[in-house]
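First up is the structure itself, then whatever we jot down about it.
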Amino acid sequence: MREKFRTWNREKVIGIFLLAFALIGPLVIHQNYIIHLMVMCAIYAGLACSMNIILGYTGLFSLAHAAFWGIGAYTSGILVGKLGFPIWVGVLLSGVVACIFGMIIAIPSLNLRGDYLAIVTLGFGQIVRLIELNEQWLTNGAMG
């Protein structure tokens with residue numbers, strides 16, 4: 001048993017403590033501002049980890065990361081806020097919809113690398129941003 005704990009590095013231990021704090025922290029802390037900061041930190045940490053998977057492990061420079069995050073966020077907001085779905089259904093379906101859009105952009109750009117992939121994903125991100133900003137019927141425009 002001791003051999004197993006000796007192989008743990010500092011990053012694993014810190015990660016376990018942060019995960020425990022993220023799970024237990026909202027039960028102990030009752031200030032809304034601190035909970036809001038914890039949620040925002042968790043969101044950005046998740047985005048950083050997913051960007052690490054895309055750029056760090058595959059080496060592909062994709063600029064559509066924020067577009068997929070926006071698609072998932074707006075899907076969850078529309079399903080829960082406008083259509084009255086339960087929040088967990090909205091979260092799961094938002095991941096499915098973002099995955100579908102990811103496949104839509106990935107299939108035509110399978111053979112692209114480097115700057116060309118960056119340009120295609122940048123264009124996709126801008127298209128999604130403009131749709132989210134200008135489609136009043138879908139996202140409530142700039143007030144969405």
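By order in the structure tokens, chains are A, B, ...; within a chain, residues start at 1; ligands start at 1, following the order shown.
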Report as a JSON list (two decimals) with C-alpha atoms, in the first residue's frame: the residues of region 14-138 of chain A with a DSSP assignment of alpha helix (DSSP H), based on the backbone of this structure.
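Output contents, as saved in states.json:
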[["chain", "number", "residue", "atom", "x", "y", "z"],
["A", 14, "ILE", "CA", -3.26, 18.91, -5.18],
["A", 15, "GLY", "CA", -5.88, 17.80, -7.71],
["A", 16, "ILE", "CA", -7.56, 15.52, -5.18],
["A", 17, "PHE", "CA", -7.64, 18.29, -2.57],
["A", 18, "LEU", "CA", -9.07, 20.77, -5.09],
["A", 19, "LEU", "CA", -11.72, 18.29, -6.16],
["A", 20, "ALA", "CA", -12.67, 17.62, -2.53],
["A", 21, "PHE", "CA", -12.85, 21.37, -1.87],
["A", 22, "ALA", "CA", -14.99, 21.89, -4.97],
["A", 23, "LEU", "CA", -17.43, 19.21, -3.79],
["A", 24, "ILE", "CA", -17.53, 20.15, -0.11],
["A", 25, "GLY", "CA", -16.98, 23.92, -0.39],
["A", 26, "PRO", "CA", -20.52, 24.92, -1.44],
["A", 27, "LEU", "CA", -21.93, 22.95, 1.50],
["A", 28, "VAL", "CA", -19.77, 24.86, 3.98],
["A", 32, "ASN", "CA", -23.22, 33.87, -2.71],
["A", 33, "TYR", "CA", -20.26, 35.84, -4.05],
["A", 34, "ILE", "CA", -17.72, 33.22, -2.95],
["A", 35, "ILE", "CA", -19.85, 30.42, -4.42],
["A", 36, "HIS", "CA", -20.11, 32.41, -7.68],
["A", 37, "LEU", "CA", -16.31, 32.74, -7.78],
["A", 38, "MET", "CA", -15.91, 29.03, -7.15],
["A", 39, "VAL", "CA", -18.31, 28.18, -9.98],
["A", 40, "MET", "CA", -16.53, 30.53, -12.38],
["A", 41, "CYS", "CA", -13.15, 29.06, -11.41],
["A", 42, "ALA", "CA", -14.51, 25.55, -12.03],
["A", 43, "ILE", "CA", -15.86, 26.55, -15.44],
["A", 44, "TYR", "CA", -12.59, 28.12, -16.53],
["A", 45, "ALA", "CA", -10.58, 25.21, -15.14],
["A", 46, "GLY", "CA", -12.72, 22.83, -17.19],
["A", 47, "LEU", "CA", -12.20, 24.96, -20.28],
["A", 48, "ALA", "CA", -8.45, 25.04, -19.66],
["A", 49, "CYS", "CA", -8.34, 21.26, -19.29],
["A", 50, "SER", "CA", -10.30, 20.74, -22.49],
["A", 51, "MET", "CA", -8.03, 23.19, -24.32],
["A", 65, "HIS", "CA", -13.23, 26.37, -28.43],
["A", 66, "ALA", "CA", -15.31, 29.31, -27.26],
["A", 67, "ALA", "CA", -17.88, 28.62, -29.98],
["A", 68, "PHE", "CA", -18.56, 25.12, -28.66],
["A", 69, "TRP", "CA", -18.76, 26.49, -25.12],
["A", 70, "GLY", "CA", -21.27, 29.10, -26.32],
["A", 71, "ILE", "CA", -23.32, 26.52, -28.21],
["A", 72, "GLY", "CA", -23.52, 24.37, -25.10],
["A", 73, "ALA", "CA", -24.35, 27.31, -22.85],
["A", 74, "TYR", "CA", -27.08, 28.66, -25.11],
["A", 75, "THR", "CA", -28.53, 25.18, -25.64],
["A", 76, "SER", "CA", -28.73, 24.62, -21.91],
["A", 77, "GLY", "CA", -30.20, 28.08, -21.36],
["A", 87, "ILE", "CA", -31.46, 21.31, -15.46],
["A", 88, "TRP", "CA", -29.65, 17.95, -15.70],
["A", 89, "VAL", "CA", -31.40, 17.15, -18.96],
["A", 90, "GLY", "CA", -30.41, 20.59, -20.26],
["A", 91, "VAL", "CA", -26.78, 20.03, -19.27],
["A", 92, "LEU", "CA", -26.62, 16.60, -20.90],
["A", 93, "LEU", "CA", -28.37, 17.72, -24.10],
["A", 94, "SER", "CA", -26.15, 20.80, -24.34],
["A", 95, "GLY", "CA", -23.12, 18.51, -24.43],
["A", 96, "VAL", "CA", -24.76, 16.39, -27.12],
["A", 97, "VAL", "CA", -25.61, 19.46, -29.25],
["A", 98, "ALA", "CA", -22.08, 20.87, -28.87],
["A", 99, "CYS", "CA", -20.71, 17.46, -29.87],
["A", 100, "ILE", "CA", -22.92, 17.42, -32.97],
["A", 101, "PHE", "CA", -21.67, 20.86, -33.98],
["A", 102, "GLY", "CA", -18.12, 19.67, -33.30],
["A", 103, "MET", "CA", -18.64, 16.81, -35.71],
["A", 104, "ILE", "CA", -20.15, 19.19, -38.27],
["A", 105, "ILE", "CA", -16.99, 21.31, -38.22],
["A", 106, "ALA", "CA", -14.60, 18.35, -37.84],
["A", 115, "ASP", "CA", -2.72, 27.68, -39.92],
["A", 116, "TYR", "CA", -5.46, 26.30, -42.16],
["A", 117, "LEU", "CA", -7.22, 24.57, -39.26],
["A", 118, "ALA", "CA", -6.87, 27.75, -37.20],
["A", 119, "ILE", "CA", -8.51, 29.82, -39.96],
["A", 120, "VAL", "CA", -11.42, 27.39, -40.40],
["A", 121, "THR", "CA", -12.09, 27.17, -36.67],
["A", 122, "LEU", "CA", -11.74, 30.94, -36.28],
["A", 123, "GLY", "CA", -14.34, 31.41, -39.01],
["A", 124, "PHE", "CA", -16.67, 28.91, -37.34],
["A", 125, "GLY", "CA", -16.27, 30.70, -34.03],
["A", 126, "GLN", "CA", -17.13, 34.03, -35.62],
["A", 127, "ILE", "CA", -20.19, 32.59, -37.35],
["A", 128, "VAL", "CA", -21.44, 31.15, -34.05],
["A", 129, "ARG", "CA", -20.77, 34.46, -32.28],
["A", 130, "LEU", "CA", -22.73, 36.40, -34.89],
["A", 131, "ILE", "CA", -25.65, 33.97, -34.76],
["A", 132, "GLU", "CA", -25.73, 34.15, -30.96],
["A", 133, "LEU", "CA", -25.60, 37.94, -31.07],
["A", 134, "ASN", "CA", -28.07, 38.65, -33.87],
["A", 136, "GLN", "CA", -33.45, 37.54, -31.54],
["A", 137, "TRP", "CA", -35.89, 34.63, -31.86],
["A", 138, "LEU", "CA", -33.33, 32.06, -30.72]]
Across A:Phe85, A:Leu55, A:Leu60, A:Val13, the smallest distance to Asn111 (chain A), with only C-alpha atoms counted, is shown by A:Leu60
Quote the spacing between CA of Gly144 (chain A) and CA of Ala64 (chain A) in Å to one decimal place. 20.1 Å
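Coordinates place CA of Glu135 (chain A) at a distance of 22.3 Å from CA of Leu63 (chain A).
Distance-wise, CA of Ile29 (chain A) and CA of Lys12 (chain A) end up 24.6 Å apart.
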